[in-house]
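Student: Below is the file structure.txt, with compact mmCIF, C-alpha atoms and all ligand atoms.
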# COMPACT_ATOMS: atom_id res chain seq x y z
CA MET A 1 -124.17 76.60 -47.90
CA GLY A 2 -123.84 79.33 -50.52
CA GLY A 3 -123.91 77.07 -53.58
CA LEU A 4 -126.68 74.91 -54.97
CA ASN A 5 -124.97 71.78 -53.69
CA PRO A 6 -122.00 70.88 -51.50
CA PHE A 7 -119.53 70.46 -54.42
CA GLY A 8 -119.77 73.51 -56.65
CA ALA A 9 -119.37 77.25 -56.52
CA VAL A 10 -122.56 78.00 -58.48
CA THR A 11 -125.13 80.01 -56.51
CA GLY A 12 -128.76 80.95 -57.08
CA ALA A 13 -127.57 84.43 -58.02
CA ASP A 14 -125.32 82.98 -60.77
CA ILE A 15 -128.23 80.94 -62.10
CA ALA A 16 -130.56 83.94 -62.22
CA ALA A 17 -127.89 86.14 -63.81
CA ALA A 18 -127.12 83.57 -66.53
CA ALA A 19 -130.81 83.13 -67.35
CA ARG A 20 -131.36 86.89 -67.45
CA GLU A 21 -128.37 87.56 -69.66
CA TYR A 22 -128.55 84.65 -72.10
CA GLY A 23 -132.10 83.35 -71.77
CA ALA A 24 -133.25 79.88 -70.70
CA PRO A 25 -132.82 77.17 -71.64
CA LEU A 26 -129.05 77.09 -71.45
CA TYR A 27 -126.14 75.06 -70.19
CA LEU A 28 -124.03 76.56 -67.43
CA TYR A 29 -120.60 75.10 -66.58
CA ASP A 30 -118.56 75.84 -63.50
CA GLU A 31 -114.90 76.32 -64.38
CA ALA A 32 -113.73 75.79 -60.78
CA THR A 33 -115.27 72.32 -60.70
CA ILE A 34 -113.61 71.30 -63.98
CA VAL A 35 -110.22 72.57 -62.82
CA ALA A 36 -110.59 70.73 -59.51
CA GLN A 37 -111.56 67.46 -61.22
CA CYS A 38 -108.61 67.74 -63.63
CA GLY A 39 -106.36 68.28 -60.60
CA ALA A 40 -107.78 65.24 -58.83
CA MET A 41 -107.08 63.07 -61.87
CA LEU A 42 -103.58 64.43 -62.44
CA SER A 43 -102.66 63.69 -58.83
CA MET A 44 -103.91 60.10 -59.05
CA PRO A 45 -101.26 57.93 -57.39
CA ASN A 46 -99.16 56.01 -59.93
CA ALA A 47 -95.99 53.98 -60.10
CA TYR A 48 -94.01 55.04 -63.19
CA GLY A 49 -95.85 57.97 -64.72
CA LEU A 50 -99.40 58.91 -65.60
CA THR A 51 -101.14 60.28 -68.67
CA VAL A 52 -104.73 61.50 -68.22
CA ARG A 53 -106.79 61.70 -71.40
CA TYR A 54 -110.08 63.53 -71.36
CA ALA A 55 -112.69 61.55 -73.33
CA MET A 56 -113.98 64.50 -75.32
CA LYS A 57 -117.26 62.90 -76.34
CA ALA A 58 -118.49 63.70 -72.83
CA ASN A 59 -118.45 67.39 -73.71
CA SER A 60 -116.75 68.61 -76.87
CA SER A 61 -117.25 72.33 -76.40
CA ARG A 62 -114.24 74.26 -77.67
CA ALA A 63 -113.69 76.36 -74.56
CA LEU A 64 -113.79 73.27 -72.36
CA LEU A 65 -111.36 71.35 -74.59
CA GLN A 66 -108.96 74.29 -74.32
CA LEU A 67 -109.41 74.61 -70.57
CA ILE A 68 -108.90 70.89 -69.97
CA ASN A 69 -105.90 70.62 -72.30
CA GLN A 70 -104.34 73.64 -70.56
CA GLN A 71 -104.65 71.82 -67.23
CA GLY A 72 -102.33 69.15 -68.65
CA LEU A 73 -104.79 66.53 -69.84
CA GLN A 74 -104.50 64.93 -73.26
CA ILE A 75 -107.49 63.91 -75.37
CA ASP A 76 -109.24 60.65 -76.19
CA ALA A 77 -111.22 61.03 -79.43
CA SER A 78 -113.95 58.63 -80.57
CA SER A 79 -114.05 59.63 -84.22
CA LEU A 80 -111.83 61.23 -86.82
CA MET A 81 -114.15 64.24 -86.68
CA GLU A 82 -113.48 64.59 -82.95
CA VAL A 83 -109.74 64.55 -83.69
CA ARG A 84 -110.24 67.35 -86.23
CA ARG A 85 -112.40 69.27 -83.78
CA ALA A 86 -109.91 69.04 -80.91
CA ASN A 87 -107.09 69.99 -83.26
CA LEU A 88 -109.13 72.96 -84.50
CA ALA A 89 -109.52 74.04 -80.87
CA GLY A 90 -105.72 74.10 -80.62
CA VAL A 91 -104.98 70.70 -79.10
CA PRO A 92 -101.79 69.37 -80.75
CA LEU A 93 -102.17 66.05 -82.56
CA ASP A 94 -99.55 64.43 -80.37
CA ASN A 95 -101.89 65.09 -77.44
CA ILE A 96 -104.68 63.01 -79.00
CA MET A 97 -105.42 59.30 -79.25
CA LEU A 98 -108.12 57.96 -81.58
CA THR A 99 -110.19 55.05 -80.27
CA THR A 100 -112.98 54.44 -82.74
CA GLN A 101 -115.47 52.03 -84.24
CA GLU A 102 -114.94 53.73 -87.62
CA VAL A 103 -112.90 52.24 -90.43
CA GLN A 104 -111.39 55.10 -92.41
CA ARG A 105 -111.35 54.89 -96.19
CA GLY A 106 -110.34 57.13 -99.06
CA GLU A 107 -109.48 60.69 -98.12
CA ASP A 108 -110.27 60.10 -94.46
CA GLU A 109 -107.75 57.29 -94.37
CA GLN A 110 -105.10 59.49 -95.92
CA GLU A 111 -105.86 62.25 -93.45
CA LEU A 112 -105.64 59.78 -90.58
CA GLN A 113 -102.20 58.73 -91.79
CA ARG A 114 -101.05 62.34 -92.15
CA MET A 115 -102.22 63.01 -88.60
CA MET A 116 -100.38 59.94 -87.32
CA LEU A 117 -97.18 61.28 -88.86
CA GLN A 118 -97.77 64.38 -86.72
CA GLY A 119 -98.15 62.35 -83.55
CA LEU A 120 -101.79 61.24 -83.39
CA LYS A 121 -101.90 57.93 -81.49
CA PHE A 122 -104.00 55.16 -82.99
CA ASN A 123 -105.71 52.63 -80.75
CA VAL A 124 -106.52 49.53 -82.83
CA CYS A 125 -110.09 48.40 -82.13
CA SER A 126 -110.67 45.70 -84.76
CA LEU A 127 -108.84 43.26 -87.03
CA LEU A 128 -109.95 45.18 -90.10
CA GLN A 129 -108.60 48.45 -88.67
CA LEU A 130 -105.32 46.68 -88.01
CA ARG A 131 -105.15 45.21 -91.51
CA ARG A 132 -105.74 48.63 -93.08
CA ILE A 133 -103.22 50.52 -90.94
CA ALA A 134 -100.52 47.81 -90.92
CA PRO A 135 -98.66 48.59 -94.20
CA PHE A 136 -98.52 52.30 -93.35
CA ALA A 137 -97.43 51.71 -89.75
CA GLN A 138 -94.77 49.29 -90.98
CA GLN A 139 -93.46 51.69 -93.57
CA GLN A 140 -93.27 54.56 -91.07
CA GLY A 141 -92.19 52.50 -88.07
CA ILE A 142 -95.16 53.69 -85.99
CA ASP A 143 -96.08 51.83 -82.81
CA LEU A 144 -99.72 51.09 -82.03
CA SER A 145 -102.01 50.82 -79.05
CA ILE A 146 -104.58 48.02 -78.95
CA ARG A 147 -108.00 48.10 -77.31
CA LEU A 148 -108.88 44.69 -75.94
CA HIS A 149 -112.40 43.41 -75.36
CA PRO A 150 -111.99 41.56 -72.07
CA GLY A 151 -115.30 39.74 -72.18
CA VAL A 152 -116.36 41.39 -68.91
CA GLY A 153 -117.70 44.89 -68.46
CA SER A 154 -119.46 47.31 -66.18
CA GLY A 155 -121.84 50.21 -66.60
CA GLU A 156 -124.59 52.26 -65.01
CA SER A 157 -127.05 50.45 -67.30
CA ALA A 158 -126.81 47.49 -69.69
CA SER A 159 -126.47 49.82 -72.66
CA ARG A 160 -123.44 51.52 -71.10
CA ASN A 161 -121.52 48.34 -70.40
CA THR A 162 -118.90 48.16 -73.15
CA GLY A 163 -117.10 45.04 -71.98
CA ASP A 164 -119.54 42.14 -72.12
CA HIS A 165 -120.39 40.00 -75.15
CA TYR A 166 -123.40 42.15 -76.08
CA SER A 167 -121.06 44.97 -77.05
CA CYS A 168 -118.33 44.91 -79.68
CA PHE A 169 -115.82 47.55 -78.61
CA GLY A 170 -112.22 46.50 -79.06
CA VAL A 171 -110.47 43.35 -80.28
CA HIS A 172 -112.09 40.40 -78.53
CA LEU A 173 -109.77 37.96 -76.79
CA SER A 174 -110.88 35.28 -79.23
CA ASP A 175 -109.30 37.40 -82.02
CA LEU A 176 -106.12 38.14 -80.15
CA GLU A 177 -104.03 35.45 -81.81
CA ARG A 178 -105.03 36.67 -85.25
CA ALA A 179 -104.20 40.26 -84.30
CA GLN A 180 -100.79 39.22 -83.08
CA ALA A 181 -100.05 37.12 -86.14
CA LEU A 182 -100.90 40.12 -88.30
CA ALA A 183 -98.72 42.43 -86.22
CA GLN A 184 -95.86 39.96 -86.49
CA GLU A 185 -96.26 39.67 -90.25
CA PHE A 186 -95.81 43.45 -90.55
CA GLY A 187 -93.23 43.79 -87.80
CA LEU A 188 -95.54 46.00 -85.73
CA ARG A 189 -95.39 46.60 -82.00
CA PHE A 190 -98.27 47.12 -79.61
CA THR A 191 -96.66 49.45 -77.11
CA GLN A 192 -99.89 50.11 -75.23
CA VAL A 193 -102.70 47.86 -74.07
CA HIS A 194 -106.06 49.54 -73.51
CA VAL A 195 -109.32 48.39 -71.93
CA HIS A 196 -112.40 50.55 -71.30
CA ILE A 197 -115.08 48.50 -69.58
CA GLY A 198 -117.95 51.00 -69.62
CA SER A 199 -119.37 54.15 -68.11
CA GLY A 200 -120.68 54.85 -64.66
CA GLY A 201 -120.15 51.36 -63.33
CA ASP A 202 -119.17 49.88 -60.01
CA PRO A 203 -115.74 51.11 -58.77
CA GLN A 204 -115.07 47.52 -57.64
CA LYS A 205 -115.29 46.37 -61.28
CA TRP A 206 -112.85 49.09 -62.29
CA GLN A 207 -110.40 47.74 -59.74
CA GLU A 208 -110.90 44.15 -60.91
CA ASN A 209 -110.13 45.27 -64.45
CA ILE A 210 -106.68 46.44 -63.35
CA ASP A 211 -105.74 42.88 -62.39
CA ARG A 212 -107.27 41.31 -65.47
CA GLU A 213 -105.67 43.77 -67.85
CA LEU A 214 -102.19 43.50 -66.31
CA GLU A 215 -102.45 39.74 -66.55
CA LEU A 216 -103.33 39.95 -70.26
CA LEU A 217 -100.52 42.40 -70.83
CA GLU A 218 -98.00 40.15 -69.10
CA ARG A 219 -99.10 37.06 -70.98
CA HIS A 220 -99.43 38.50 -74.50
CA PHE A 221 -97.69 41.88 -74.88
CA ALA A 222 -93.96 41.75 -74.31
CA GLU A 223 -93.45 45.15 -75.96
CA ALA A 224 -96.09 47.15 -74.08
CA ARG A 225 -94.68 50.05 -72.09
CA SER A 226 -97.98 51.62 -71.17
CA VAL A 227 -101.31 50.38 -69.86
CA SER A 228 -104.55 52.30 -70.24
CA PHE A 229 -107.38 51.48 -67.88
CA GLY A 230 -109.91 53.56 -69.85
CA GLY A 231 -112.59 55.81 -68.38
CA GLY A 232 -115.75 54.96 -66.53
CA LEU A 233 -114.88 56.62 -63.22
CA LYS A 234 -118.25 57.18 -61.65
CA VAL A 235 -119.37 60.48 -60.19
CA ALA A 236 -122.23 60.85 -57.74
CA ARG A 237 -124.88 63.00 -59.37
CA MET A 238 -127.64 62.28 -56.85
CA PRO A 239 -127.36 62.39 -53.05
CA GLY A 240 -126.25 59.04 -51.68
CA GLU A 241 -124.69 57.73 -54.90
CA LEU A 242 -121.31 56.02 -54.71
CA GLU A 243 -118.45 57.91 -56.37
CA ALA A 244 -115.19 56.41 -57.64
CA ASP A 245 -112.35 57.02 -55.18
CA VAL A 246 -109.55 58.09 -57.52
CA GLU A 247 -106.94 58.15 -54.77
CA GLN A 248 -107.76 54.61 -53.67
CA LEU A 249 -107.95 53.25 -57.24
CA GLY A 250 -104.63 54.93 -57.99
CA LEU A 251 -102.97 53.38 -54.96
CA TYR A 252 -104.29 50.00 -56.00
CA ALA A 253 -103.05 50.39 -59.59
CA LYS A 254 -99.69 51.68 -58.36
CA GLN A 255 -99.17 48.63 -56.18
CA ARG A 256 -100.12 46.24 -58.98
CA ILE A 257 -97.86 48.01 -61.49
CA GLN A 258 -94.97 47.89 -59.01
CA GLU A 259 -95.53 44.17 -58.48
CA PHE A 260 -95.56 43.77 -62.25
CA TYR A 261 -92.16 45.48 -62.36
CA HIS A 262 -90.77 43.16 -59.72
CA ARG A 263 -91.90 40.13 -61.71
CA THR A 264 -90.90 41.34 -65.16
CA SER A 265 -88.43 44.25 -64.80
CA ARG A 266 -90.77 46.32 -66.96
CA LYS A 267 -91.92 49.75 -65.79
CA LEU A 268 -95.37 50.51 -67.18
CA ARG A 269 -96.71 53.99 -67.58
CA MET A 270 -100.40 54.29 -66.68
CA GLU A 271 -103.09 56.01 -68.71
CA VAL A 272 -106.66 56.80 -67.69
CA GLU A 273 -109.44 58.31 -69.81
CA PRO A 274 -112.10 60.01 -67.74
CA GLY A 275 -114.90 61.88 -69.49
CA THR A 276 -117.73 61.94 -66.98
CA PHE A 277 -115.42 62.45 -64.01
CA ILE A 278 -113.96 65.65 -65.46
CA VAL A 279 -117.11 67.48 -66.48
CA ALA A 280 -120.33 65.84 -65.19
CA GLY A 281 -120.54 67.70 -61.89
CA SER A 282 -119.68 71.05 -63.45
CA GLY A 283 -122.84 71.34 -65.55
CA TYR A 284 -126.32 72.72 -64.95
CA ILE A 285 -129.22 72.98 -67.36
CA LEU A 286 -131.32 76.06 -66.72
CA THR A 287 -134.95 75.79 -67.80
CA GLU A 288 -137.96 77.88 -66.98
CA VAL A 289 -141.07 76.39 -65.41
CA LEU A 290 -143.65 76.93 -68.19
CA ASP A 291 -146.68 75.24 -66.72
CA LYS A 292 -148.02 72.96 -64.01
CA LYS A 293 -150.60 70.28 -64.71
CA SER A 294 -152.14 67.30 -63.00
CA THR A 295 -153.77 64.07 -64.10
CA GLY A 296 -156.40 64.05 -61.36
CA ASP A 297 -156.81 62.57 -57.91
CA GLN A 298 -155.47 59.18 -58.94
CA GLY A 299 -152.77 60.72 -61.11
CA PHE A 300 -149.70 62.86 -60.72
CA GLN A 301 -148.52 66.44 -60.55
CA PHE A 302 -146.48 67.54 -63.57
CA ILE A 303 -144.03 70.36 -64.07
CA VAL A 304 -143.63 71.40 -67.71
CA ALA A 305 -140.10 72.74 -68.13
CA GLY A 306 -138.92 74.77 -71.12
CA GLY A 307 -136.34 72.12 -71.99
CA GLY A 308 -136.02 68.37 -71.55
CA MET A 309 -134.88 65.50 -73.74
CA GLU A 310 -133.48 67.85 -76.39
CA LEU A 311 -131.05 69.12 -73.74
CA ASN A 312 -130.51 65.97 -71.72
CA ALA A 313 -131.37 62.59 -73.22
CA ARG A 314 -129.76 60.59 -70.39
CA PRO A 315 -132.98 59.91 -68.45
CA LEU A 316 -134.60 58.63 -71.65
CA LEU A 317 -131.56 56.57 -72.73
CA TYR A 318 -130.45 55.18 -69.39
CA GLY A 319 -133.07 56.02 -66.77
CA SER A 320 -130.44 58.33 -65.25
CA GLN A 321 -131.38 60.48 -62.30
CA HIS A 322 -130.19 64.07 -62.15
CA PRO A 323 -130.63 66.39 -59.17
CA PHE A 324 -133.16 69.24 -59.42
CA TYR A 325 -132.95 72.74 -58.02
CA ILE A 326 -135.55 75.48 -58.01
CA VAL A 327 -134.36 79.06 -58.19
CA SER A 328 -136.58 82.15 -58.28
CA PRO A 329 -136.05 84.62 -61.13
CA GLU A 330 -134.42 86.89 -58.52
CA GLY A 331 -131.86 84.23 -57.62
CA GLU A 332 -133.28 82.82 -54.40
CA LEU A 333 -132.52 79.09 -54.04
CA ARG A 334 -135.99 77.79 -53.21
CA TRP A 335 -135.15 74.12 -53.28
CA SER A 336 -132.11 71.90 -53.64
CA GLU A 337 -131.88 68.13 -53.94
CA PHE A 338 -129.04 68.41 -51.40
CA GLY A 339 -129.50 69.38 -47.75
CA ASP A 340 -132.73 68.80 -45.91
CA MET A 341 -135.05 71.31 -47.53
CA PRO A 342 -138.79 70.91 -46.90
CA THR A 343 -141.03 69.60 -49.69
CA ASN A 344 -144.35 69.85 -47.80
CA GLY A 345 -145.36 66.53 -49.33
CA TYR A 346 -145.20 67.79 -52.91
CA GLU A 347 -143.87 65.48 -55.62
CA ALA A 348 -143.99 65.90 -59.37
CA ILE A 349 -142.98 64.44 -62.68
CA VAL A 350 -140.74 66.87 -64.55
CA VAL A 351 -141.43 66.81 -68.27
CA GLY A 352 -140.00 68.84 -71.13
CA HIS A 353 -141.79 70.74 -73.86
CA CYS A 354 -141.41 68.19 -76.66
CA CYS A 355 -144.28 66.29 -78.20
CA GLU A 356 -142.91 62.96 -77.06
CA SER A 357 -144.16 60.89 -74.15
CA GLY A 358 -140.60 59.98 -73.16
CA ASP A 359 -139.67 63.61 -72.72
CA ALA A 360 -139.34 63.49 -68.95
CA GLN A 361 -136.35 64.27 -66.75
CA SER A 362 -137.57 61.88 -64.08
CA LEU A 363 -137.85 58.34 -65.44
CA ASP A 364 -137.07 55.01 -63.87
CA ASP A 365 -134.79 52.59 -65.71
CA SER A 366 -137.71 50.91 -67.46
CA GLY A 367 -138.67 54.29 -68.91
CA ARG A 368 -141.69 54.96 -66.70
CA ALA A 369 -142.28 58.45 -65.33
CA LEU A 370 -141.17 58.75 -61.76
CA PRO A 371 -142.56 61.46 -59.44
CA ARG A 372 -139.82 63.19 -57.48
CA PRO A 373 -140.22 64.99 -54.16
CA MET A 374 -139.36 68.69 -54.28
CA ARG A 375 -140.72 72.04 -53.30
CA GLU A 376 -143.54 73.15 -55.56
CA PRO A 377 -142.20 75.74 -58.00
CA GLU A 378 -144.06 78.77 -59.34
CA VAL A 379 -144.54 79.24 -63.07
CA GLY A 380 -141.60 81.43 -64.08
CA ASP A 381 -139.18 79.91 -61.57
CA LEU A 382 -136.05 78.30 -62.92
CA LEU A 383 -135.93 74.55 -62.77
CA VAL A 384 -132.27 73.59 -62.80
CA ILE A 385 -131.01 70.12 -63.69
CA GLY A 386 -127.64 69.29 -62.14
CA GLY A 387 -124.92 66.80 -63.01
CA ALA A 388 -125.33 67.93 -66.61
CA GLY A 389 -121.78 68.60 -67.79
CA ALA A 390 -121.24 65.20 -69.45
CA TYR A 391 -123.22 63.58 -72.28
CA CYS A 392 -125.87 66.29 -72.25
CA ALA A 393 -124.92 69.06 -74.70
CA SER A 394 -122.74 66.62 -76.66
CA MET A 395 -125.33 63.87 -76.98
CA ALA A 396 -128.81 65.36 -76.99
CA PRO A 397 -131.16 65.37 -80.03
CA PHE A 398 -131.25 69.15 -79.81
CA ASN A 399 -133.27 70.01 -82.92
CA TYR A 400 -136.20 67.75 -82.14
CA ASN A 401 -139.48 69.71 -82.40
CA SER A 402 -137.33 72.34 -84.12
CA HIS A 403 -135.99 73.60 -80.84
CA LEU A 404 -132.77 75.52 -81.29
CA GLN A 405 -129.52 74.19 -79.87
CA ALA A 406 -129.10 75.89 -76.50
CA PRO A 407 -126.25 78.22 -75.62
CA GLU A 408 -123.43 77.24 -73.30
CA VAL A 409 -122.11 79.58 -70.63
CA LEU A 410 -119.04 79.23 -68.47
CA LEU A 411 -118.96 80.58 -64.93
CA GLN A 412 -115.30 81.54 -64.76
CA GLN A 413 -113.20 81.20 -61.64
CA ASP A 414 -113.17 85.01 -61.37
CA GLY A 415 -116.96 84.89 -60.92
CA ARG A 416 -117.81 86.23 -64.37
CA LEU A 417 -120.12 84.58 -66.87
CA ARG A 418 -118.75 83.95 -70.36
CA LEU A 419 -120.79 82.83 -73.35
CA ILE A 420 -118.91 79.94 -75.00
CA ARG A 421 -121.55 78.90 -77.53
CA ARG A 422 -124.29 81.10 -78.95
CA ARG A 423 -127.85 79.89 -79.25
CA GLN A 424 -128.45 78.39 -82.69
CA SER A 425 -130.61 80.58 -84.91
CA LEU A 426 -133.67 79.60 -86.93
CA LEU A 427 -131.65 80.34 -90.05
CA GLN A 428 -128.90 77.96 -88.93
CA LEU A 429 -131.53 75.32 -88.27
CA VAL A 430 -132.64 75.36 -91.89
CA GLU A 431 -129.53 76.59 -93.69
CA ASN A 432 -128.54 73.28 -95.30
CA GLU A 433 -132.02 72.42 -96.50
CA LEU A 434 -132.50 72.67 -100.28
C1 LIG B 501 -116.55 57.09 -73.46
C2 LIG B 501 -115.17 56.62 -73.27
C3 LIG B 501 -114.44 57.03 -72.16
C4 LIG B 501 -115.01 57.89 -71.08
O1 LIG B 501 -115.99 57.28 -70.33
P1 LIG B 501 -116.57 58.03 -69.03
O2 LIG B 501 -117.49 57.06 -68.44
O3 LIG B 501 -117.25 59.26 -69.51
O4 LIG B 501 -115.41 58.33 -68.16
C5 LIG B 501 -113.13 56.62 -72.07
N1 LIG B 501 -112.58 55.83 -73.02
C6 LIG B 501 -113.25 55.41 -74.09
C7 LIG B 501 -112.58 54.58 -75.11
C8 LIG B 501 -114.58 55.79 -74.26
O5 LIG B 501 -115.25 55.37 -75.32
Starting from the file, give its structure as structure tokens.

Tutor:
Amino acid sequence: MGGLNPFGAVTGADIAAAAREYGAPLYLYDEATIVAQCGAMLSMPNAYGLTVRYAMKANSSRALLQLINQQGLQIDASSLMEVRRANLAGVPLDNIMLTTQEVQRGEDEQELQRMMLQGLKFNVCSLLQLRRIAPFAQQQGIDLSIRLHPGVGSGESASRNTGDHYSCFGVHLSDLERAQALAQEFGLRFTQVHVHIGSGGDPQKWQENIDRELELLERHFAEARSVSFGGGLKVARMPGELEADVEQLGLYAKQRIQEFYHRTSRKLRMEVEPGTFIVAGSGYILTEVLDKKSTGDQGFQFIVAGGGMELNARPLLYGSQHPFYIVSPEGELRWSEFGDMPTNGYEAIVVGHCCESGDAQSLDDSGRALPRPMREPEVGDLLVIGGAGAYCASMAPFNYNSHLQAPEVLLQQDGRLRLIRRRQSLLQLVENEL
């Protein structure tokens, strides 16, 4: 095993080289993994065509947007600003769909309409959004997509379940009649039905959603030509976790869409919107071991890493577990979460360097620190956090304690390291303060 884990190409030598060249903490992404995940999605079995949209909120870094768009994926944006950002990176507007909680007004609304004239797809998520866009869509003859709230969801944690009645994403089924009356009044067509039930959930729930969504589409949307099953394809970050089987889910969807055709003579195109699945496994956070402490005989061993919640807030938000690796400054892989490496009975709580008791990378889902078995590192070793390509750089409260936003580095397929985001400077941290 040359790499840190069985899935990626990243080695201890790459980790040490990146830290030496750009300084820890930093994010390192493995291009080969991203390309492979894009390929896996694009070859998902389907009946009458497939569009794969990358949910860019998972990781909105310019170089990654370009790489992923070049592989043939389109973009799912969660805000008008994300649309602008993807477009600025060179993604054409007709490769982007906006699915948002926002309600655009004033200049933003006019810009949204201009973008729609250039091909931006709009996914209606509320009655108010529909009311505001209806006169424009009518005038221009633009078809719409509609995000339905199915009343059932799935997620890695309660807060990541977007489908149950504690969350308000999409037009709830109880509002469906009103939405359709409004569409009829303006002569609008919903040519796509969309459901996204949540992130990181049970693959079984994802499969069940296919049936439920096709049933809704058949009953209520005579003009739909496309069905989007959303994102939420789970990846296994930790050893032993269950990963979504894209091939199997695709075969299932294909069969259901073919049966739909036989009942209705309508051939539906399929869309999927993976964020996590594309980038999660590609990312590593490189931090330096700053200190080791203990809280006595009855207490715990602690590793103080030079980066934590301000780089990866997922443990704090969701109790997520990420794999750890320990690499010497010379590039020797001293410990990996994968493969049976000896721990000699050592276990520790990995904390960051923020003045915040929740700043730990090992928390259980009630937020309590959780000691993790590993080999004891030396101060100065690199503590590497895996599974960090999605919802880490894009989501973390990076300026807390006035830490500077960390650089991002891409390990290219040719083996070379490329800086894709510089470290923020102190001047940039304060530049807008008056
Ligand atoms: C976040 C999101 C996704 C992606 O979810 P993942 O779990 O990262 O795959 C897809 N679609 C929509 C509408 C989203 O909000």

Student: Mind pulling up the distance from atom CA of A:Ile385 to atom CA of A:Asp76?

Tutor: 26.8 Å

Student: Determine, counting only C-alpha atoms, every residue of protein, DNA or RNA that lies within 12 Å of (-134.2, 83.1, -54.4) in the file coordinates, then give the result as a PDB file with C-alpha atoms, in the coordinates of the input.

Tutor:
ATOM      1  CA  GLY A   2    -123.840  79.330 -50.520  1.00  0.00           C
ATOM      2  CA  GLY A   3    -123.910  77.070 -53.580  1.00  0.00           C
ATOM      3  CA  LEU A   4    -126.680  74.910 -54.970  1.00  0.00           C
ATOM      4  CA  THR A  11    -125.130  80.010 -56.510  1.00  0.00           C
ATOM      5  CA  GLY A  12    -128.760  80.950 -57.080  1.00  0.00           C
ATOM      6  CA  ALA A  13    -127.570  84.430 -58.020  1.00  0.00           C
ATOM      7  CA  ASP A  14    -125.320  82.980 -60.770  1.00  0.00           C
ATOM      8  CA  ILE A  15    -128.230  80.940 -62.100  1.00  0.00           C
ATOM      9  CA  ALA A  16    -130.560  83.940 -62.220  1.00  0.00           C
ATOM     10  CA  ALA A  17    -127.890  86.140 -63.810  1.00  0.00           C
ATOM     11  CA  TYR A 325    -132.950  72.740 -58.020  1.00  0.00           C
ATOM     12  CA  ILE A 326    -135.550  75.480 -58.010  1.00  0.00           C
ATOM     13  CA  VAL A 327    -134.360  79.060 -58.190  1.00  0.00           C
ATOM     14  CA  SER A 328    -136.580  82.150 -58.280  1.00  0.00           C
ATOM     15  CA  PRO A 329    -136.050  84.620 -61.130  1.00  0.00           C
ATOM     16  CA  GLU A 330    -134.420  86.890 -58.520  1.00  0.00           C
ATOM     17  CA  GLY A 331    -131.860  84.230 -57.620  1.00  0.00           C
ATOM     18  CA  GLU A 332    -133.280  82.820 -54.400  1.00  0.00           C
ATOM     19  CA  LEU A 333    -132.520  79.090 -54.040  1.00  0.00           C
ATOM     20  CA  ARG A 334    -135.990  77.790 -53.210  1.00  0.00           C
ATOM     21  CA  TRP A 335    -135.150  74.120 -53.280  1.00  0.00           C
ATOM     22  CA  SER A 336    -132.110  71.900 -53.640  1.00  0.00           C
ATOM     23  CA  PRO A 377    -142.200  75.740 -58.000  1.00  0.00           C
ATOM     24  CA  GLU A 378    -144.060  78.770 -59.340  1.00  0.00           C
ATOM     25  CA  ASP A 381    -139.180  79.910 -61.570  1.00  0.00           C
ATOM     26  CA  LEU A 382    -136.050  78.300 -62.920  1.00  0.00           C
TER      27      LEU A 382
END

Student: Counting only C-alpha atoms and all ligand atoms, what are the residues, protein, DNA or RNA alike, that approach ligand LIG 501 (chain B) to within 10 Å? I want them as a compact mmCIF listing (two decimals) with C-alpha atoms, in the coordinates of the input.

Tutor:
# COMPACT_ATOMS: atom_id res chain seq x y z
CA ARG A 53 -106.79 61.70 -71.40
CA TYR A 54 -110.08 63.53 -71.36
CA ALA A 55 -112.69 61.55 -73.33
CA MET A 56 -113.98 64.50 -75.32
CA LYS A 57 -117.26 62.90 -76.34
CA ALA A 58 -118.49 63.70 -72.83
CA ASN A 59 -118.45 67.39 -73.71
CA ILE A 75 -107.49 63.91 -75.37
CA ASP A 76 -109.24 60.65 -76.19
CA ALA A 77 -111.22 61.03 -79.43
CA SER A 78 -113.95 58.63 -80.57
CA SER A 79 -114.05 59.63 -84.22
CA MET A 97 -105.42 59.30 -79.25
CA LEU A 98 -108.12 57.96 -81.58
CA THR A 99 -110.19 55.05 -80.27
CA THR A 100 -112.98 54.44 -82.74
CA GLN A 101 -115.47 52.03 -84.24
CA ASN A 123 -105.71 52.63 -80.75
CA CYS A 125 -110.09 48.40 -82.13
CA ARG A 147 -108.00 48.10 -77.31
CA GLY A 155 -121.84 50.21 -66.60
CA GLU A 156 -124.59 52.26 -65.01
CA ARG A 160 -123.44 51.52 -71.10
CA ASN A 161 -121.52 48.34 -70.40
CA THR A 162 -118.90 48.16 -73.15
CA PHE A 169 -115.82 47.55 -78.61
CA GLY A 170 -112.22 46.50 -79.06
CA HIS A 194 -106.06 49.54 -73.51
CA VAL A 195 -109.32 48.39 -71.93
CA HIS A 196 -112.40 50.55 -71.30
CA ILE A 197 -115.08 48.50 -69.58
CA GLY A 198 -117.95 51.00 -69.62
CA SER A 199 -119.37 54.15 -68.11
CA GLY A 200 -120.68 54.85 -64.66
CA GLY A 201 -120.15 51.36 -63.33
CA SER A 228 -104.55 52.30 -70.24
CA PHE A 229 -107.38 51.48 -67.88
CA GLY A 230 -109.91 53.56 -69.85
CA GLY A 231 -112.59 55.81 -68.38
CA GLY A 232 -115.75 54.96 -66.53
CA LEU A 233 -114.88 56.62 -63.22
CA LYS A 234 -118.25 57.18 -61.65
CA VAL A 235 -119.37 60.48 -60.19
CA VAL A 272 -106.66 56.80 -67.69
CA GLU A 273 -109.44 58.31 -69.81
CA PRO A 274 -112.10 60.01 -67.74
CA GLY A 275 -114.90 61.88 -69.49
CA THR A 276 -117.73 61.94 -66.98
CA PHE A 277 -115.42 62.45 -64.01
CA ILE A 278 -113.96 65.65 -65.46
CA VAL A 279 -117.11 67.48 -66.48
CA ALA A 280 -120.33 65.84 -65.19
CA ALA A 390 -121.24 65.20 -69.45
CA TYR A 391 -123.22 63.58 -72.28
